[in-house]
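Here the structure is laid out as structure tokens; the discussion comes afterwards.
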Amino acid sequence: MTPIEIMQRLAATWAPDAMGNPATSRSWTELFDPGIVLVEPSSLPHGGVHQGIDAFHQAQAGMRELWEQHIEGAEYWQCAPDRVTLRIVIRWTARSTGRSVVLPMIDLIRFGDGKIIGVEAFVFDTAALLGTLT
């Protein structure tokens with residue numbers, strides 16, 4: 001599969017509540033390399049480098065534990081033969097406080113051998129996101 005074909009398969013699963021559904025993130029497994037590397041901002045509770053599909057799912061579960069995530073919009077562009085840039089807008093609502101913020105994110109997604117091999121996530125304002133927790 002090409003990077004755009006993979007992104008089209010992912011995008012088909014992006015219902016507004018997709019991020020909060022563990023079954024949805026599990027359905028993405030077939031599109032990911034077993035050694036996928038996810039890099040999240042280190043200032044976030046789930047931040048850091050997560051290597052491997054199990055670590056990816058643990059990071060997703062950590063986000064779901066803290067926030068309800070509602071996709072408000074998404075678009076993507078192929079920016080190199082092995083890279084796609086995803087801009088996704090998410091409403092994050094803290095489960096502990098009910099406070100929410102709408103933030104765009106940019107994910108730089110790398111591909112190899114017909115699979116996603118890496119994701120670097122850039123959250124527009126991590127301080128605002130963390131502020132929903134207090």
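Simple scheme: letters A, B, ... for chains in structure tokens order, numbers from 1 for residues in each chain, numbers from 1 for ligands in the order shown.
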
Selection near Leu44 of chain A, 12 Å with only C-alpha atoms, sequence-local residues under 6 positions removed, as a ChimeraX atom specification
/A:59,62-63,66,121-123,125-133

So that I can see what lies close to segment 74-80 of chain A, please list as a list of chain:residue names the residues with an atom at most 10 Å from it, counting only C-alpha atoms and leaving out residues fewer than 2 positions away in the same chain.
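Counting only C-alpha atoms, the residues come to A:Pro3, A:Ile4, A:Met7, A:Gln8, A:Ala11, A:Trp14, A:Ile71, A:Glu72, A:Asp82, A:Arg83, A:Val84, A:Thr85, A:Leu86, A:Arg87, A:Ile88, A:Val89, A:Ile90, A:Pro104, A:Met105, A:Ile106, A:Asp107, A:Leu108, A:Ile109, A:Arg110.
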
Between A:Glu68, A:Asp33, A:Glu5, A:Asp17, which is the closest to Ile117 of chain A once you count only C-alpha atoms?
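Looking only at the distances to Ile117 of chain A, the closest residue turns out to be A:Asp33.
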
Restricting to only C-alpha atoms, whichever of A:Ala55, A:Glu30, A:Trp67, A:Val119 is closest to Arg99 of chain A is A:Trp67

Residues of segment 31-132 of chain A classed as strand (DSSP E or B) by DSSP on the backbone are to be reported as a VMD selection string.
chain A and resid 32 to 40 48 to 51 67 to 80 83 to 94 100 to 112 115 to 123
